[in-house]
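Listing of final.pdb; format and content: PDB, C-alpha atoms.
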```pdb
ATOM      1  CA  MET A   1     114.561 159.323 161.204
ATOM      2  CA  ALA A   2     117.444 156.882 161.863
ATOM      3  CA  ARG A   3     119.908 159.171 160.082
ATOM      4  CA  ASP A   4     118.669 162.194 162.082
ATOM      5  CA  ARG A   5     119.112 160.254 165.340
ATOM      6  CA  LEU A   6     122.653 159.223 164.349
ATOM      7  CA  ASP A   7     123.545 162.825 163.500
ATOM      8  CA  THR A   8     122.174 163.981 166.871
ATOM      9  CA  LEU A   9     124.187 161.377 168.801
ATOM     10  CA  THR A  10     127.315 162.436 166.923
ATOM     11  CA  ALA A  11     126.531 166.040 167.793
ATOM     12  CA  LEU A  12     125.992 165.106 171.461
ATOM     13  CA  ARG A  13     129.442 163.535 171.629
ATOM     14  CA  ALA A  14     130.998 166.607 169.982
ATOM     15  CA  VAL A  15     129.399 168.904 172.577
ATOM     16  CA  VAL A  16     130.673 166.732 175.432
ATOM     17  CA  GLU A  17     134.177 166.472 173.960
ATOM     18  CA  HIS A  18     134.444 170.238 173.442
ATOM     19  CA  GLY A  19     132.490 171.189 176.560
ATOM     20  CA  SER A  20     130.886 173.868 174.432
ATOM     21  CA  PHE A  21     127.971 174.244 172.042
ATOM     22  CA  THR A  22     129.837 176.982 170.191
ATOM     23  CA  ARG A  23     132.932 174.934 169.395
ATOM     24  CA  ALA A  24     130.900 171.801 168.611
ATOM     25  CA  ALA A  25     128.670 173.758 166.228
ATOM     26  CA  ALA A  26     131.727 175.150 164.440
ATOM     27  CA  GLU A  27     133.186 171.653 164.025
ATOM     28  CA  LEU A  28     129.920 170.228 162.698
ATOM     29  CA  GLY A  29     129.145 173.177 160.430
ATOM     30  CA  VAL A  30     125.764 173.983 161.979
ATOM     31  CA  THR A  31     124.409 176.858 164.019
ATOM     32  CA  GLN A  32     124.562 176.771 167.799
ATOM     33  CA  SER A  33     120.794 177.117 168.077
ATOM     34  CA  ALA A  34     120.156 174.214 165.649
ATOM     35  CA  LEU A  35     122.562 172.036 167.641
ATOM     36  CA  SER A  36     120.941 172.891 170.948
ATOM     37  CA  HIS A  37     117.476 172.294 169.520
ATOM     38  CA  ALA A  38     118.419 168.851 168.129
ATOM     39  CA  ILE A  39     119.821 167.657 171.452
ATOM     40  CA  ARG A  40     116.864 169.067 173.365
ATOM     41  CA  ARG A  41     114.511 167.152 171.043
ATOM     42  CA  LEU A  42     116.486 163.937 171.684
ATOM     43  CA  GLU A  43     116.177 164.490 175.432
ATOM     44  CA  ASP A  44     112.434 165.034 175.082
ATOM     45  CA  ASP A  45     112.081 161.860 172.993
ATOM     46  CA  ILE A  46     113.835 159.614 175.528
ATOM     47  CA  GLY A  47     112.542 161.462 178.598
ATOM     48  CA  GLN A  48     115.996 162.003 180.134
ATOM     49  CA  ARG A  49     118.353 164.949 180.462
ATOM     50  CA  LEU A  50     121.656 164.183 178.738
ATOM     51  CA  LEU A  51     123.458 167.495 179.320
ATOM     52  CA  SER A  52     123.752 169.885 182.239
ATOM     53  CA  ARG A  53     123.863 173.422 180.922
ATOM     54  CA  THR A  54     124.974 176.595 182.661
ATOM     55  CA  THR A  55     125.824 180.006 181.253
ATOM     56  CA  ARG A  56     129.513 179.101 181.461
ATOM     57  CA  SER A  57     129.769 175.410 180.708
ATOM     58  CA  VAL A  58     128.072 172.252 179.523
ATOM     59  CA  ALA A  59     128.709 168.710 180.779
ATOM     60  CA  PRO A  60     127.049 165.307 180.447
ATOM     61  CA  THR A  61     124.622 164.103 183.068
ATOM     62  CA  ALA A  62     125.142 160.624 184.500
ATOM     63  CA  VAL A  63     122.625 159.309 181.959
ATOM     64  CA  GLY A  64     124.339 161.167 179.113
ATOM     65  CA  GLU A  65     127.777 159.904 180.112
ATOM     66  CA  ALA A  66     126.518 156.322 180.374
ATOM     67  CA  LEU A  67     124.863 156.612 176.967
ATOM     68  CA  LEU A  68     128.026 157.913 175.277
ATOM     69  CA  THR A  69     130.188 155.280 176.991
ATOM     70  CA  ARG A  70     127.983 152.561 175.553
ATOM     71  CA  LEU A  71     127.536 154.112 172.098
ATOM     72  CA  GLY A  72     131.086 155.423 171.684
ATOM     73  CA  PRO A  73     132.552 152.256 170.066
ATOM     74  CA  ALA A  74     129.576 152.010 167.700
ATOM     75  CA  LEU A  75     129.915 155.656 166.668
ATOM     76  CA  ASP A  76     133.649 155.139 166.089
ATOM     77  CA  GLU A  77     132.946 152.092 163.924
ATOM     78  CA  ILE A  78     130.348 153.954 161.862
ATOM     79  CA  THR A  79     132.718 156.903 161.370
ATOM     80  CA  ALA A  80     135.521 154.566 160.282
ATOM     81  CA  ALA A  81     133.228 152.724 157.869
ATOM     82  CA  LEU A  82     132.042 155.966 156.280
ATOM     83  CA  SER A  83     135.647 157.163 155.932
ATOM     84  CA  GLN A  84     136.615 153.901 154.269
ATOM     85  CA  VAL A  85     133.745 154.195 151.782
ATOM     86  CA  ALA A  86     134.700 157.804 151.038
ATOM     87  CA  ALA A  87     138.315 156.764 150.480
ATOM     88  CA  GLY A  88     137.087 154.118 148.055
ATOM     89  CA  ALA A  89     135.871 156.858 145.735
ATOM     90  CA  ASP A  90     139.513 157.746 145.115
ATOM     91  CA  GLN A  91     140.747 154.139 145.041
ATOM     92  CA  PRO A  92     137.773 151.938 144.033
ATOM     93  CA  SER A  93     137.684 148.347 145.184
ATOM     94  CA  GLY A  94     135.316 145.404 145.347
ATOM     95  CA  LEU A  95     133.634 143.060 142.877
ATOM     96  CA  LEU A  96     132.600 144.130 139.375
ATOM     97  CA  ARG A  97     130.141 141.698 137.723
ATOM     98  CA  LEU A  98     129.766 141.859 133.941
ATOM     99  CA  THR A  99     127.660 139.986 131.404
ATOM    100  CA  MET A 100     128.498 139.736 127.697
ATOM    101  CA  GLY A 101     128.947 137.341 124.805
ATOM    102  CA  ARG A 102     132.211 135.494 124.422
ATOM    103  CA  ASP A 103     133.073 137.606 121.367
ATOM    104  CA  ALA A 104     132.917 140.821 123.375
ATOM    105  CA  ALA A 105     134.918 139.266 126.202
ATOM    106  CA  GLU A 106     137.699 138.094 123.885
ATOM    107  CA  LEU A 107     137.775 141.110 121.578
ATOM    108  CA  LEU A 108     137.219 144.002 123.979
ATOM    109  CA  VAL A 109     137.515 143.179 127.651
ATOM    110  CA  LEU A 110     140.317 140.635 128.013
ATOM    111  CA  PRO A 111     142.874 142.765 126.110
ATOM    112  CA  MET A 112     142.288 145.790 128.365
ATOM    113  CA  LEU A 113     142.167 143.932 131.687
ATOM    114  CA  PRO A 114     145.940 143.744 132.357
ATOM    115  CA  ALA A 115     146.311 147.537 132.323
ATOM    116  CA  PHE A 116     143.046 148.012 134.221
ATOM    117  CA  ARG A 117     144.059 145.566 136.956
ATOM    118  CA  ALA A 118     147.465 147.203 137.256
ATOM    119  CA  ALA A 119     145.798 150.588 137.748
ATOM    120  CA  HIS A 120     143.093 149.265 140.101
ATOM    121  CA  PRO A 121     144.397 146.206 141.980
ATOM    122  CA  GLY A 122     141.552 146.378 144.493
ATOM    123  CA  ILE A 123     138.870 145.687 141.867
ATOM    124  CA  ARG A 124     137.887 142.066 141.266
ATOM    125  CA  VAL A 125     136.197 141.212 137.951
ATOM    126  CA  GLU A 126     133.673 138.459 137.243
ATOM    127  CA  ILE A 127     132.558 137.894 133.640
ATOM    128  CA  ALA A 128     129.491 135.837 132.742
ATOM    129  CA  ALA A 129     129.894 134.949 129.049
ATOM    130  CA  THR A 130     126.463 134.300 127.581
ATOM    131  CA  ASP A 131     124.446 135.198 124.507
ATOM    132  CA  ALA A 132     121.374 135.808 126.700
ATOM    133  CA  LEU A 133     120.185 139.376 127.180
ATOM    134  CA  GLU A 134     120.485 139.460 130.946
ATOM    135  CA  ASP A 135     118.444 141.730 133.210
ATOM    136  CA  LEU A 136     121.264 143.603 134.927
ATOM    137  CA  VAL A 137     119.322 144.469 138.060
ATOM    138  CA  GLN A 138     117.730 141.031 138.442
ATOM    139  CA  GLY A 139     121.023 139.271 137.787
ATOM    140  CA  ARG A 140     122.961 141.700 140.026
ATOM    141  CA  PHE A 141     125.314 142.686 137.225
ATOM    142  CA  ASP A 142     127.041 146.048 137.195
ATOM    143  CA  ALA A 143     127.124 146.270 133.391
ATOM    144  CA  GLY A 144     126.791 144.345 130.151
ATOM    145  CA  ILE A 145     128.082 144.502 126.584
ATOM    146  CA  ARG A 146     125.974 143.777 123.529
ATOM    147  CA  MET A 147     125.496 144.826 119.936
ATOM    148  CA  GLY A 148     123.226 147.799 119.336
ATOM    149  CA  ASP A 149     121.941 150.516 121.628
ATOM    150  CA  ARG A 150     118.264 149.579 121.825
ATOM    151  CA  LEU A 151     117.968 149.279 125.576
ATOM    152  CA  GLU A 152     115.560 149.896 128.409
ATOM    153  CA  GLN A 153     114.889 153.562 129.153
ATOM    154  CA  ASP A 154     116.799 153.551 132.441
ATOM    155  CA  MET A 155     120.036 152.307 130.845
ATOM    156  CA  ILE A 156     123.087 154.243 129.743
ATOM    157  CA  ALA A 157     124.523 152.981 126.427
ATOM    158  CA  ARG A 158     128.097 153.895 125.457
ATOM    159  CA  ARG A 159     129.462 152.991 122.042
ATOM    160  CA  LEU A 160     132.572 150.828 122.089
ATOM    161  CA  THR A 161     133.049 149.958 118.409
ATOM    162  CA  GLU A 162     131.846 151.151 115.038
ATOM    163  CA  GLU A 163     129.564 149.107 112.806
ATOM    164  CA  THR A 164     130.847 145.634 112.080
ATOM    165  CA  ARG A 165     130.303 142.980 109.421
ATOM    166  CA  PRO A 166     130.195 139.221 109.769
ATOM    167  CA  VAL A 167     131.906 137.062 107.162
ATOM    168  CA  VAL A 168     130.945 133.790 105.457
ATOM    169  CA  VAL A 169     133.959 131.508 105.283
ATOM    170  CA  ALA A 170     134.999 128.047 104.194
ATOM    171  CA  ALA A 171     138.235 126.114 103.767
ATOM    172  CA  PRO A 172     139.973 126.523 100.371
ATOM    173  CA  ASP A 173     139.823 122.770  99.661
ATOM    174  CA  TYR A 174     136.064 122.792 100.334
ATOM    175  CA  LEU A 175     135.525 125.653  97.883
ATOM    176  CA  ASP A 176     137.719 123.902  95.281
ATOM    177  CA  ARG A 177     135.533 120.806  95.283
ATOM    178  CA  ALA A 178     132.090 122.324  96.023
ATOM    179  CA  GLY A 179     132.343 125.656  94.189
ATOM    180  CA  ARG A 180     132.129 129.219  95.416
ATOM    181  CA  PRO A 181     128.633 130.658  96.010
ATOM    182  CA  ALA A 182     128.145 133.913  94.108
ATOM    183  CA  ARG A 183     124.748 134.901  95.561
ATOM    184  CA  PRO A 184     122.978 134.200  98.872
ATOM    185  CA  GLU A 185     120.555 131.981  96.934
ATOM    186  CA  ASP A 186     123.467 129.669  96.058
ATOM    187  CA  LEU A 187     123.832 128.652  99.706
ATOM    188  CA  ALA A 188     120.963 126.199  99.301
ATOM    189  CA  GLY A 189     123.337 123.877  97.474
ATOM    190  CA  HIS A 190     125.990 123.876 100.233
ATOM    191  CA  PRO A 191     126.280 122.366 103.710
ATOM    192  CA  CYS A 192     125.967 125.332 106.050
ATOM    193  CA  LEU A 193     127.125 125.250 109.654
ATOM    194  CA  GLY A 194     124.951 127.187 112.086
ATOM    195  CA  TYR A 195     125.082 128.696 115.563
ATOM    196  CA  ARG A 196     122.306 128.001 118.061
ATOM    197  CA  MET A 197     121.775 130.676 120.688
ATOM    198  CA  HIS A 198     121.658 129.390 124.268
ATOM    199  CA  SER A 199     119.025 131.915 125.282
ATOM    200  CA  ALA A 200     116.675 131.859 122.273
ATOM    201  CA  GLY A 201     117.076 128.173 121.477
ATOM    202  CA  ARG A 202     117.071 128.877 117.731
ATOM    203  CA  VAL A 203     119.655 128.774 114.996
ATOM    204  CA  MET A 204     120.829 132.272 114.120
ATOM    205  CA  PRO A 205     119.845 133.371 110.582
ATOM    206  CA  TRP A 206     122.428 134.768 108.159
ATOM    207  CA  ARG A 207     121.562 138.244 106.890
ATOM    208  CA  PHE A 208     122.524 139.493 103.430
ATOM    209  CA  VAL A 209     121.841 142.511 101.248
ATOM    210  CA  GLY A 210     120.184 141.727  97.926
ATOM    211  CA  PRO A 211     119.156 143.891  94.935
ATOM    212  CA  THR A 212     115.605 144.142  96.262
ATOM    213  CA  GLY A 213     116.369 144.311  99.980
ATOM    214  CA  ASP A 214     117.515 142.119 102.834
ATOM    215  CA  VAL A 215     117.868 138.392 102.268
ATOM    216  CA  ILE A 216     117.513 136.136 105.309
ATOM    217  CA  PHE A 217     119.025 132.656 105.107
ATOM    218  CA  ARG A 218     117.638 130.322 107.777
ATOM    219  CA  ASP A 219     118.909 126.934 106.654
ATOM    220  CA  ALA A 220     122.311 126.815 108.339
ATOM    221  CA  THR A 221     121.424 123.491 109.930
ATOM    222  CA  THR A 222     123.655 120.875 108.282
ATOM    223  CA  MET A 223     125.671 120.977 111.491
ATOM    224  CA  VAL A 224     124.779 123.187 114.450
ATOM    225  CA  PHE A 225     127.008 124.293 117.311
ATOM    226  CA  ASN A 226     126.506 126.592 120.278
ATOM    227  CA  GLU A 227     130.093 127.800 120.303
ATOM    228  CA  GLY A 228     131.791 130.013 117.712
ATOM    229  CA  ALA A 229     135.204 128.388 118.249
ATOM    230  CA  LEU A 230     133.755 125.013 117.223
ATOM    231  CA  LEU A 231     132.197 126.539 114.109
ATOM    232  CA  ARG A 232     135.590 127.932 113.152
ATOM    233  CA  GLN A 233     137.242 124.545 113.582
ATOM    234  CA  ALA A 234     134.502 122.801 111.596
ATOM    235  CA  ALA A 235     134.977 125.232 108.704
ATOM    236  CA  ILE A 236     138.765 124.803 108.747
ATOM    237  CA  ARG A 237     138.243 121.035 108.520
ATOM    238  CA  GLY A 238     136.246 121.498 105.327
ATOM    239  CA  LEU A 239     132.820 120.566 106.656
ATOM    240  CA  GLY A 240     131.063 123.462 104.930
ATOM    241  CA  LEU A 241     130.350 127.185 105.055
ATOM    242  CA  THR A 242     129.777 129.151 108.223
ATOM    243  CA  CYS A 243     129.100 132.759 109.211
ATOM    244  CA  LEU A 244     131.276 134.283 111.943
ATOM    245  CA  TRP A 245     132.533 137.660 113.108
ATOM    246  CA  ARG A 246     135.530 138.735 111.075
ATOM    247  CA  HIS A 247     137.757 139.195 114.110
ATOM    248  CA  MET A 248     137.266 135.536 115.003
ATOM    249  CA  VAL A 249     138.766 134.341 111.717
ATOM    250  CA  ALA A 250     141.063 137.247 110.780
ATOM    251  CA  GLU A 251     144.223 135.205 111.350
ATOM    252  CA  ASP A 252     142.783 132.228 109.445
ATOM    253  CA  LEU A 253     141.951 134.446 106.459
ATOM    254  CA  GLU A 254     145.438 135.942 106.488
ATOM    255  CA  ALA A 255     147.082 132.510 106.775
ATOM    256  CA  GLY A 256     144.910 130.988 104.045
ATOM    257  CA  ARG A 257     143.214 128.444 106.285
ATOM    258  CA  LEU A 258     139.859 129.994 105.376
ATOM    259  CA  GLU A 259     138.535 132.103 102.520
ATOM    260  CA  SER A 260     135.573 134.462 102.544
ATOM    261  CA  VAL A 261     132.668 134.465 100.106
ATOM    262  CA  LEU A 262     129.669 136.727  99.464
ATOM    263  CA  ASP A 263     131.492 139.774 100.887
ATOM    264  CA  ASP A 264     129.554 142.157  98.619
ATOM    265  CA  HIS A 265     126.258 140.813  99.945
ATOM    266  CA  ILE A 266     126.901 141.307 103.662
ATOM    267  CA  GLY A 267     125.619 144.523 105.209
ATOM    268  CA  PRO A 268     126.831 146.274 108.377
ATOM    269  CA  LEU A 269     125.520 145.477 111.838
ATOM    270  CA  PRO A 270     125.550 147.765 114.899
ATOM    271  CA  GLY A 271     128.753 147.817 116.898
ATOM    272  CA  PHE A 272     129.244 146.825 120.520
ATOM    273  CA  TYR A 273     127.864 148.983 123.323
ATOM    274  CA  LEU A 274     128.529 149.014 127.047
ATOM    275  CA  TYR A 275     125.314 149.430 129.001
ATOM    276  CA  TYR A 276     124.559 149.887 132.701
ATOM    277  CA  PRO A 277     121.810 151.364 134.891
ATOM    278  CA  SER A 278     121.739 155.147 134.823
ATOM    279  CA  ARG A 279     121.168 155.472 138.558
ATOM    280  CA  GLU A 280     123.718 155.075 141.332
ATOM    281  CA  VAL A 281     126.796 154.295 139.243
ATOM    282  CA  SER A 282     129.504 153.155 141.659
ATOM    283  CA  PRO A 283     133.064 154.526 141.516
ATOM    284  CA  THR A 284     134.223 151.022 140.555
ATOM    285  CA  MET A 285     131.801 150.864 137.623
ATOM    286  CA  SER A 286     132.666 154.410 136.579
ATOM    287  CA  ARG A 287     136.398 153.637 136.461
ATOM    288  CA  PHE A 288     135.818 150.470 134.428
ATOM    289  CA  ALA A 289     133.513 152.215 131.950
ATOM    290  CA  GLU A 290     136.001 155.025 131.344
ATOM    291  CA  ALA A 291     138.899 152.580 130.939
ATOM    292  CA  LEU A 292     137.006 150.335 128.500
ATOM    293  CA  VAL A 293     135.721 153.207 126.365
ATOM    294  CA  ALA A 294     139.210 154.744 126.233
ATOM    295  CA  TRP A 295     140.776 151.426 125.233
ATOM    296  CA  CYS A 296     138.213 150.780 122.482
ATOM    297  CA  ARG A 297     138.707 154.288 121.075
ATOM    298  CA  ARG A 298     142.501 154.273 121.240
ATOM    299  CA  PRO A 299     144.326 155.057 117.984
ATOM    300  CA  ARG A 300     145.172 151.894 116.080
ATOM    301  CA  THR A 301     148.670 151.437 114.719
ATOM    302  CA  PRO A 302     148.727 150.575 111.005
TER
END
```

Once more with this new file: its structure as structure tokens, please.
Amino acid sequence: MARDRLDTLTALRAVVEHGSFTRAAAELGVTQSALSHAIRRLEDDIGQRLLSRTTRSVAPTAVGEALLTRLGPALDEITAALSQVAAGADQPSGLLRLTMGRDAAELLVLPMLPAFRAAHPGIRVEIAATDALEDLVQGRFDAGIRMGDRLEQDMIARRLTEETRPVVVAAPDYLDRAGRPARPEDLAGHPCLGYRMHSAGRVMPWRFVGPTGDVIFRDATTMVFNEGALLRQAAIRGLGLTCLWRHMVAEDLEAGRLESVLDDHIGPLPGFYLYYPSREVSPTMSRFAEALVAWCRRPRTP
């Protein structure tokens, strides 16, 4: 009803400005009879004549002129606001709120942000780094990144990376003095450094592939941290074994600060996915999604 009334007031002003139903109807893209009927219904609703009609001309009554004088600035403001929103579809702007783990932020989003910001300087980005599975709608997030594509039915999931594998690592001097575990069962004789999830409040288990199926190791509790960077530092200092994403320790493995063990026993895990509500995707969110997917799928140089 409110939208119909706004359209009718806009039509009323067009008729007065043109002094003609015919020219106003052509501008608005409606028929002359539909335009006349809409204004007549408005007059009936408010109980006042707004236009004086003759066979040759049309002009506002005193009431109609007073109404348009008062509403004119408001109609101009609404028209300007709608034009600005429409222009934003070509040049998106505003705040983009994202939720993801720190790994996804460091590995996927931060590297692509410089180019994205250069292309879209009007878009502001806020990242909430957490291991919690946030409700996007409840938390007023535009999108999230997580591993796997098992999501609510009303979510779009777009793959960002292929399957990935964690890695169990320790410092070379630790392995020299404590020995190198050959099977997941050997971990019971080693100090294992674990990660406690903020959201679940539990220490994450280590998952391995054994000859008879999956092997779950739940005793990584010698030292427990809630930050992967601290686990990395603890392992480098020789405090024990820990399980981290390979990208987090790739440079340490290459430099010899850490060594990996049990590689043949670690199975693949789902890759990262971008997810967001399937309804009412904003131009800002659409541009970010396309840019992130394109960056993650770019050809890698050897």

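Proximity ranking of A:Leu269, A:Ile78, A:Val125, A:Met100 relative to A:Glu163 places A:Leu269 first, based on all atoms listed in the file.
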
message: Please return as number ranges by chain every residue within 12 Å of (123.0, 141.4, 140.5), taking into account only C-alpha atoms and the file's own coordinates.
response: A: 95-99, 126, 128, 134-144, 276-277

Selection from above, C-alpha atoms, as a short mmCIF file (atom, residue, chain, number, x, y, z; two decimals), in the coordinates of the input, can you write it?
```cif
data_model
loop_
_atom_site.label_atom_id
_atom_site.label_comp_id
_atom_site.auth_asym_id
_atom_site.auth_seq_id
_atom_site.Cartn_x
_atom_site.Cartn_y
_atom_site.Cartn_z
CA LEU A 95 133.63 143.06 142.88
CA LEU A 96 132.60 144.13 139.38
CA ARG A 97 130.14 141.70 137.72
CA LEU A 98 129.77 141.86 133.94
CA THR A 99 127.66 139.99 131.40
CA GLU A 126 133.67 138.46 137.24
CA ALA A 128 129.49 135.84 132.74
CA GLU A 134 120.48 139.46 130.95
CA ASP A 135 118.44 141.73 133.21
CA LEU A 136 121.26 143.60 134.93
CA VAL A 137 119.32 144.47 138.06
CA GLN A 138 117.73 141.03 138.44
CA GLY A 139 121.02 139.27 137.79
CA ARG A 140 122.96 141.70 140.03
CA PHE A 141 125.31 142.69 137.22
CA ASP A 142 127.04 146.05 137.20
CA ALA A 143 127.12 146.27 133.39
CA GLY A 144 126.79 144.34 130.15
CA TYR A 276 124.56 149.89 132.70
CA PRO A 277 121.81 151.36 134.89
#
```

message: I want to know what sits within 12 Å of A:Asp252, based on only C-alpha atoms, with residues of the same chain fewer than 6 positions away left out; could you give that as a list of chain:residue names?
response: A:Val169, A:Ala170, A:Ala171, A:Pro172, A:Arg232, A:Gln233, A:Ala235, A:Ile236, A:Leu244, A:Arg246, A:Leu258, A:Glu259, A:Ser260

Exercise: stretch 284-295 of chain A partners within 10 Å, all atoms listed in the file, chain neighbours under 6 positions left out, as a PyMOL selection string: chain A and resi 88-98+108-109+111-113+115-117+119-120+122-125+142-143+158-161+273-276

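With atom CA of A:Ile39 on one side and atom CA of A:Ala26 on the other, the separation reads 15.7 Å.
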
Point-to-point distance from atom CA of A:Leu193 to atom CA of A:Asp219, Å rounded to tenths: 8.9 Å

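The shortest atom-to-atom distance to A:Leu51, with only C-alpha atoms taken into account, belongs to A:Val63 out of A:Leu253, A:Ile127, A:Ala118, A:Val63.
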
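For the file at hand, the PyMOL selection byres ((chain A and resi 218) around 8) resolves to Val203, Met204, Pro205, Trp206, Ile216, Phe217, Asp219 and Ala220 of chain A.
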
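You can rank A:Arg196, A:Asp154, A:Ser57, A:Trp245 by their closest distance to A:Ala132 using only C-alpha atoms, and at the top of that list sits A:Arg196.
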
message: Counting only C-alpha atoms, which residues sit no farther than 12 Å from the position (130.8, 171.7, 173.2) in the file's frame? I'd like them as a ChimeraX atom specification.
response: /A:10-28,32,35-36,39,51-53,56-60

query: Closest to A:Gly201 among A:Asp131, A:Glu251, A:Glu77, A:Glu162, using all atoms listed in the file?
result: A:Asp131

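Taking all atoms listed in the file into account, A:Pro181 lies nearest to A:Leu262 out of the set A:Ala66, A:Leu262, A:Leu110, A:Ala157.
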
field: Explicit residue set for the PyMOL selection byres ((chain A and resi 214) around 12), as an NGL selection string
entry: :A and (184 or 205-213 or 215-217 or 265-268)

Take the residues that were just selected and, keeping C-alpha atoms, output them as an mmCIF file, keeping the file's coordinate frame.
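Writing the result to selection15.cif gives the following:
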```
data_model
loop_
_atom_site.group_PDB
_atom_site.id
_atom_site.type_symbol
_atom_site.label_atom_id
_atom_site.label_comp_id
_atom_site.auth_asym_id
_atom_site.auth_seq_id
_atom_site.Cartn_x
_atom_site.Cartn_y
_atom_site.Cartn_z
ATOM 1 C CA PRO A 184 122.978 134.200 98.872
ATOM 2 C CA PRO A 205 119.845 133.371 110.582
ATOM 3 C CA TRP A 206 122.428 134.768 108.159
ATOM 4 C CA ARG A 207 121.562 138.244 106.890
ATOM 5 C CA PHE A 208 122.524 139.493 103.430
ATOM 6 C CA VAL A 209 121.841 142.511 101.248
ATOM 7 C CA GLY A 210 120.184 141.727 97.926
ATOM 8 C CA PRO A 211 119.156 143.891 94.935
ATOM 9 C CA THR A 212 115.605 144.142 96.262
ATOM 10 C CA GLY A 213 116.369 144.311 99.980
ATOM 11 C CA VAL A 215 117.868 138.392 102.268
ATOM 12 C CA ILE A 216 117.513 136.136 105.309
ATOM 13 C CA PHE A 217 119.025 132.656 105.107
ATOM 14 C CA HIS A 265 126.258 140.813 99.945
ATOM 15 C CA ILE A 266 126.901 141.307 103.662
ATOM 16 C CA GLY A 267 125.619 144.523 105.209
ATOM 17 C CA PRO A 268 126.831 146.274 108.377
#
```

task: Grab the atom CA of A:Leu241 to atom CA of A:Leu133 distance for me, in Å with one decimal place.
output: 27.2 Å

field: Residue contacts of stretch 187-191 of chain A (6 Å, all atoms listed in the file) excluding same-chain residues fewer than 2 positions away, as an MDAnalysis selection string
entry: chainID A and resid 184:185 222 240

Hey, can you spit out that residue selection with C-alpha atoms as a short mmCIF file (atom, residue, chain, number, x, y, z; two decimals), in the frame of the given file?
```cif
data_model
loop_
_atom_site.label_atom_id
_atom_site.label_comp_id
_atom_site.auth_asym_id
_atom_site.auth_seq_id
_atom_site.Cartn_x
_atom_site.Cartn_y
_atom_site.Cartn_z
CA PRO A 184 122.98 134.20 98.87
CA GLU A 185 120.56 131.98 96.93
CA THR A 222 123.66 120.88 108.28
CA GLY A 240 131.06 123.46 104.93
#
```

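Minimum distance to A:Met248 across A:Leu9, A:Ala34, A:Asp103, A:Pro299 (counting all atoms listed in the file) occurs at A:Asp103.
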
Stretch 17-34 of chain A: axis-aligned bounding box, 4 Å on each side, centre and edge lengths in Å, one decimal, as lines of an AutoDock Vina configuration file:
```
center_x = 127.3
center_y = 171.8
center_z = 168.5
size_x = 22.3
size_y = 18.6
size_z = 24.1
```
